[in-house]
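Visitor: Sharing query_33.cif, mmCIF, N, CA and C atoms:
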data_start
#
loop_
_atom_site.label_atom_id
_atom_site.label_comp_id
_atom_site.auth_asym_id
_atom_site.auth_seq_id
_atom_site.Cartn_x
_atom_site.Cartn_y
_atom_site.Cartn_z
N MET K 620 4.75 -4.53 -30.41
CA MET K 620 4.26 -3.19 -30.21
C MET K 620 5.27 -2.41 -29.36
N LYS K 621 5.52 -1.17 -29.73
CA LYS K 621 6.46 -0.33 -29.00
C LYS K 621 5.84 0.14 -27.69
N LYS K 622 6.69 0.37 -26.70
CA LYS K 622 6.22 0.82 -25.40
C LYS K 622 5.51 2.18 -25.52
N ALA K 623 6.01 3.07 -26.36
CA ALA K 623 5.40 4.39 -26.55
C ALA K 623 3.98 4.25 -27.10
N ASP K 624 3.79 3.32 -28.04
CA ASP K 624 2.46 3.08 -28.60
C ASP K 624 1.51 2.55 -27.52
N SER K 625 2.02 1.63 -26.71
CA SER K 625 1.21 1.06 -25.63
C SER K 625 0.82 2.13 -24.62
N THR K 626 1.76 3.01 -24.26
CA THR K 626 1.48 4.09 -23.31
C THR K 626 0.45 5.05 -23.89
N LYS K 627 0.58 5.38 -25.15
CA LYS K 627 -0.36 6.31 -25.80
C LYS K 627 -1.76 5.72 -25.81
N ARG K 628 -1.88 4.44 -26.13
CA ARG K 628 -3.20 3.80 -26.12
C ARG K 628 -3.80 3.79 -24.73
N ALA K 629 -2.99 3.53 -23.72
CA ALA K 629 -3.47 3.53 -22.34
C ALA K 629 -3.97 4.91 -21.96
N GLN K 630 -3.28 5.95 -22.37
CA GLN K 630 -3.71 7.32 -22.05
C GLN K 630 -5.01 7.66 -22.75
N GLU K 631 -5.20 7.17 -23.97
CA GLU K 631 -6.43 7.43 -24.70
C GLU K 631 -7.63 6.76 -24.03
N LYS K 632 -7.43 5.60 -23.41
CA LYS K 632 -8.50 4.87 -22.75
C LYS K 632 -8.80 5.41 -21.35
N ARG K 633 -7.87 6.17 -20.81
CA ARG K 633 -7.99 6.66 -19.45
C ARG K 633 -9.19 7.60 -19.35
N ARG K 634 -9.93 7.48 -18.28
CA ARG K 634 -11.09 8.31 -18.02
C ARG K 634 -10.80 9.19 -16.82
N GLY K 635 -11.57 10.24 -16.66
CA GLY K 635 -11.34 11.07 -15.50
C GLY K 635 -12.36 12.18 -15.36
N PHE K 636 -12.16 12.96 -14.32
CA PHE K 636 -13.03 14.09 -14.07
C PHE K 636 -12.30 15.09 -13.19
N THR K 637 -12.84 16.29 -13.10
CA THR K 637 -12.29 17.34 -12.25
C THR K 637 -13.36 17.71 -11.23
N LYS K 638 -12.95 17.87 -9.99
CA LYS K 638 -13.88 18.19 -8.90
C LYS K 638 -13.27 19.31 -8.07
N LYS K 639 -14.03 20.37 -7.84
CA LYS K 639 -13.56 21.46 -7.01
C LYS K 639 -14.27 21.38 -5.66
N ILE K 640 -13.47 21.34 -4.60
CA ILE K 640 -13.99 21.32 -3.24
C ILE K 640 -13.32 22.48 -2.51
N GLY K 641 -14.11 23.48 -2.15
CA GLY K 641 -13.53 24.68 -1.53
C GLY K 641 -12.61 25.36 -2.53
N ASN K 642 -11.41 25.66 -2.10
CA ASN K 642 -10.43 26.32 -2.97
C ASN K 642 -9.49 25.33 -3.65
N THR K 643 -9.76 24.04 -3.50
CA THR K 643 -8.90 23.01 -4.07
C THR K 643 -9.60 22.33 -5.23
N THR K 644 -8.89 22.21 -6.35
CA THR K 644 -9.41 21.51 -7.52
C THR K 644 -8.68 20.19 -7.66
N TYR K 645 -9.44 19.11 -7.72
CA TYR K 645 -8.88 17.77 -7.86
C TYR K 645 -9.07 17.31 -9.30
N ASP K 646 -8.00 16.92 -9.95
CA ASP K 646 -8.04 16.38 -11.30
C ASP K 646 -7.80 14.88 -11.17
N VAL K 647 -8.84 14.10 -11.37
CA VAL K 647 -8.79 12.66 -11.12
C VAL K 647 -8.85 11.91 -12.45
N SER K 648 -7.90 11.00 -12.64
CA SER K 648 -7.96 10.14 -13.82
C SER K 648 -7.75 8.71 -13.36
N PHE K 649 -8.28 7.78 -14.11
CA PHE K 649 -8.16 6.39 -13.73
C PHE K 649 -8.19 5.51 -14.96
N HIS K 650 -7.62 4.36 -14.82
CA HIS K 650 -7.69 3.33 -15.85
C HIS K 650 -7.61 1.99 -15.15
N TYR K 651 -8.03 0.97 -15.83
CA TYR K 651 -8.01 -0.36 -15.22
C TYR K 651 -7.76 -1.40 -16.29
N SER K 652 -7.33 -2.53 -15.85
CA SER K 652 -7.01 -3.63 -16.74
C SER K 652 -8.28 -4.37 -17.15
N ARG K 653 -8.38 -4.70 -18.40
CA ARG K 653 -9.53 -5.49 -18.86
C ARG K 653 -9.48 -6.92 -18.34
N GLN K 654 -8.29 -7.37 -17.91
CA GLN K 654 -8.16 -8.72 -17.38
C GLN K 654 -8.52 -8.79 -15.90
N SER K 655 -8.80 -7.67 -15.29
CA SER K 655 -9.11 -7.63 -13.87
C SER K 655 -10.37 -8.45 -13.58
N ARG K 656 -10.36 -9.15 -12.48
CA ARG K 656 -11.53 -9.95 -12.09
C ARG K 656 -12.44 -9.17 -11.15
N GLU K 657 -12.03 -7.96 -10.78
CA GLU K 657 -12.76 -7.14 -9.83
C GLU K 657 -13.39 -5.97 -10.57
N SER K 658 -14.68 -5.73 -10.35
CA SER K 658 -15.34 -4.60 -11.00
C SER K 658 -14.92 -3.29 -10.33
N MET K 659 -15.19 -2.17 -10.98
CA MET K 659 -14.86 -0.88 -10.41
C MET K 659 -15.62 -0.69 -9.09
N ASN K 660 -16.85 -1.12 -9.05
CA ASN K 660 -17.65 -1.02 -7.82
C ASN K 660 -16.99 -1.81 -6.69
N ASP K 661 -16.54 -3.03 -7.00
CA ASP K 661 -15.85 -3.86 -6.00
C ASP K 661 -14.58 -3.19 -5.50
N LYS K 662 -13.85 -2.57 -6.41
CA LYS K 662 -12.61 -1.88 -6.03
C LYS K 662 -12.90 -0.75 -5.06
N ILE K 663 -13.91 0.05 -5.36
CA ILE K 663 -14.26 1.19 -4.51
C ILE K 663 -14.69 0.72 -3.13
N ILE K 664 -15.51 -0.31 -3.09
CA ILE K 664 -15.95 -0.85 -1.79
C ILE K 664 -14.75 -1.36 -1.00
N ARG K 665 -13.82 -2.07 -1.66
CA ARG K 665 -12.63 -2.57 -0.99
C ARG K 665 -11.79 -1.43 -0.44
N LEU K 666 -11.62 -0.36 -1.22
CA LEU K 666 -10.84 0.80 -0.76
C LEU K 666 -11.48 1.45 0.47
N ILE K 667 -12.81 1.60 0.44
CA ILE K 667 -13.52 2.20 1.58
C ILE K 667 -13.38 1.32 2.81
N GLU K 668 -13.56 0.02 2.63
CA GLU K 668 -13.43 -0.90 3.78
C GLU K 668 -12.02 -0.88 4.35
N ASN K 669 -11.01 -0.85 3.49
CA ASN K 669 -9.62 -0.78 3.97
C ASN K 669 -9.37 0.51 4.72
N ASP K 670 -9.92 1.59 4.22
CA ASP K 670 -9.75 2.89 4.87
C ASP K 670 -10.42 2.89 6.23
N MET K 671 -11.59 2.28 6.32
CA MET K 671 -12.32 2.20 7.60
C MET K 671 -11.54 1.35 8.60
N GLN K 672 -10.93 0.27 8.15
CA GLN K 672 -10.11 -0.57 9.03
C GLN K 672 -8.94 0.24 9.59
N GLY K 673 -8.34 1.07 8.75
CA GLY K 673 -7.23 1.91 9.18
C GLY K 673 -7.69 2.93 10.21
N MET K 674 -8.91 3.43 10.09
CA MET K 674 -9.43 4.41 11.04
C MET K 674 -9.68 3.76 12.40
N LYS K 675 -10.11 2.51 12.39
CA LYS K 675 -10.38 1.80 13.64
C LYS K 675 -9.10 1.57 14.44
N LYS K 676 -7.97 1.39 13.73
CA LYS K 676 -6.70 1.12 14.40
C LYS K 676 -6.15 2.37 15.06
N ASN K 677 -6.53 3.54 14.57
CA ASN K 677 -6.00 4.80 15.13
C ASN K 677 -6.79 5.23 16.30
#
What does the file become when written as structure tokens?
Guide:
Amino acid sequence: MKKADSTKRAQEKRRGFTKKIGNTTYDVSFHYSRQSRESMNDKIIRLIENDMQGMKKN
């Protein structure tokens, strides 16, 4: 399979949303590997916990 074909398929599978907060518009897209052992929920919890650990150090 060509790299361009692989990239195109990945873009087609990508999900996302747009969120406006104040005068700023955030365009968020995401994709994940089907081989991942971590669910999306687990990833989000891990990111929040890591962020909280960083806040404690400051």
Visitor: Figure out the distance between atom CA of K:Gln672 and atom N of K:Thr644, please, to one decimal in Å.
Guide: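 Rounded to one decimal, the two atoms are 27.5 Å apart.
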Visitor: Quote the spacing between atom CA of K:Lys676 and atom CA of K:Lys662 in Å to one decimal place.
Guide: 21.5 Å
Visitor: Show which residues sit within 8 Å of K:Gly635, as a ChimeraX atom specification. Count only C-alpha atoms, and ignore same-chain residues fewer than 3 positions away.
Guide: /K:646-649
Visitor: What is the distance, in Å and to one decimal place, between atom C of K:Asn669 and atom CA of K:Glu657?
Guide: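 Atom C of K:Asn669 sits 16.8 Å away from atom CA of K:Glu657.
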Visitor: Some atoms are absent from stretch 638-649 of chain K, so rebuild all heavy atoms and return them as a compact mmCIF listing (two decimals), keeping the file's coordinate frame.
Guide:
# COMPACT_ATOMS: atom_id res chain seq x y z
N LYS K 638 -12.95 17.87 -9.99
CA LYS K 638 -13.88 18.19 -8.90
C LYS K 638 -13.27 19.31 -8.07
O LYS K 638 -12.12 19.22 -7.66
CB LYS K 638 -14.12 16.95 -8.04
CG LYS K 638 -14.98 17.17 -6.84
CD LYS K 638 -16.43 17.26 -7.23
CE LYS K 638 -17.30 17.32 -6.00
NZ LYS K 638 -18.68 17.44 -6.31
N LYS K 639 -14.03 20.37 -7.84
CA LYS K 639 -13.56 21.46 -7.01
C LYS K 639 -14.27 21.38 -5.66
O LYS K 639 -15.49 21.34 -5.59
CB LYS K 639 -13.84 22.81 -7.67
CG LYS K 639 -13.27 23.96 -6.89
CD LYS K 639 -13.32 25.25 -7.65
CE LYS K 639 -12.61 26.31 -6.82
NZ LYS K 639 -12.50 27.56 -7.50
N ILE K 640 -13.47 21.34 -4.60
CA ILE K 640 -13.99 21.32 -3.24
C ILE K 640 -13.32 22.48 -2.51
O ILE K 640 -12.11 22.46 -2.31
CB ILE K 640 -13.71 19.99 -2.53
CG1 ILE K 640 -14.33 18.82 -3.30
CG2 ILE K 640 -14.22 20.02 -1.09
CD1 ILE K 640 -14.00 17.45 -2.76
N GLY K 641 -14.11 23.48 -2.15
CA GLY K 641 -13.53 24.68 -1.53
C GLY K 641 -12.61 25.36 -2.53
O GLY K 641 -12.99 25.60 -3.67
N ASN K 642 -11.41 25.66 -2.10
CA ASN K 642 -10.43 26.32 -2.97
C ASN K 642 -9.49 25.33 -3.65
O ASN K 642 -8.53 25.72 -4.30
CB ASN K 642 -9.59 27.32 -2.17
CG ASN K 642 -10.41 28.50 -1.71
OD1 ASN K 642 -11.34 28.91 -2.39
ND2 ASN K 642 -10.09 29.03 -0.55
N THR K 643 -9.76 24.04 -3.50
CA THR K 643 -8.90 23.01 -4.07
C THR K 643 -9.60 22.33 -5.23
O THR K 643 -10.76 21.95 -5.13
CB THR K 643 -8.54 21.95 -3.01
OG1 THR K 643 -7.95 22.60 -1.89
CG2 THR K 643 -7.59 20.92 -3.57
N THR K 644 -8.89 22.21 -6.35
CA THR K 644 -9.41 21.51 -7.52
C THR K 644 -8.68 20.19 -7.66
O THR K 644 -7.45 20.15 -7.69
CB THR K 644 -9.22 22.35 -8.79
OG1 THR K 644 -9.89 23.61 -8.62
CG2 THR K 644 -9.78 21.65 -10.01
N TYR K 645 -9.44 19.11 -7.72
CA TYR K 645 -8.88 17.77 -7.86
C TYR K 645 -9.07 17.31 -9.30
O TYR K 645 -10.18 17.32 -9.82
CB TYR K 645 -9.59 16.79 -6.93
CG TYR K 645 -9.40 17.14 -5.47
CD1 TYR K 645 -10.31 17.98 -4.82
CD2 TYR K 645 -8.32 16.65 -4.75
CE1 TYR K 645 -10.14 18.31 -3.49
CE2 TYR K 645 -8.15 16.98 -3.42
CZ TYR K 645 -9.06 17.81 -2.80
OH TYR K 645 -8.88 18.14 -1.48
N ASP K 646 -8.00 16.92 -9.95
CA ASP K 646 -8.04 16.38 -11.30
C ASP K 646 -7.80 14.88 -11.17
O ASP K 646 -6.69 14.45 -10.86
CB ASP K 646 -6.97 17.04 -12.17
CG ASP K 646 -7.05 16.62 -13.62
OD1 ASP K 646 -8.11 16.12 -14.05
OD2 ASP K 646 -6.06 16.81 -14.33
N VAL K 647 -8.84 14.10 -11.37
CA VAL K 647 -8.79 12.66 -11.12
C VAL K 647 -8.85 11.91 -12.45
O VAL K 647 -9.71 12.17 -13.28
CB VAL K 647 -9.97 12.21 -10.23
CG1 VAL K 647 -9.93 10.72 -9.98
CG2 VAL K 647 -9.98 13.00 -8.94
N SER K 648 -7.90 11.00 -12.64
CA SER K 648 -7.96 10.14 -13.82
C SER K 648 -7.75 8.71 -13.36
O SER K 648 -7.14 8.46 -12.32
CB SER K 648 -6.90 10.54 -14.84
OG SER K 648 -5.61 10.37 -14.32
N PHE K 649 -8.28 7.78 -14.11
CA PHE K 649 -8.16 6.39 -13.73
C PHE K 649 -8.19 5.51 -14.96
O PHE K 649 -8.68 5.90 -16.01
CB PHE K 649 -9.27 5.98 -12.75
CG PHE K 649 -10.66 6.28 -13.24
CD1 PHE K 649 -11.38 5.34 -13.95
CD2 PHE K 649 -11.25 7.51 -12.99
CE1 PHE K 649 -12.66 5.62 -14.41
CE2 PHE K 649 -12.53 7.79 -13.43
CZ PHE K 649 -13.23 6.85 -14.14
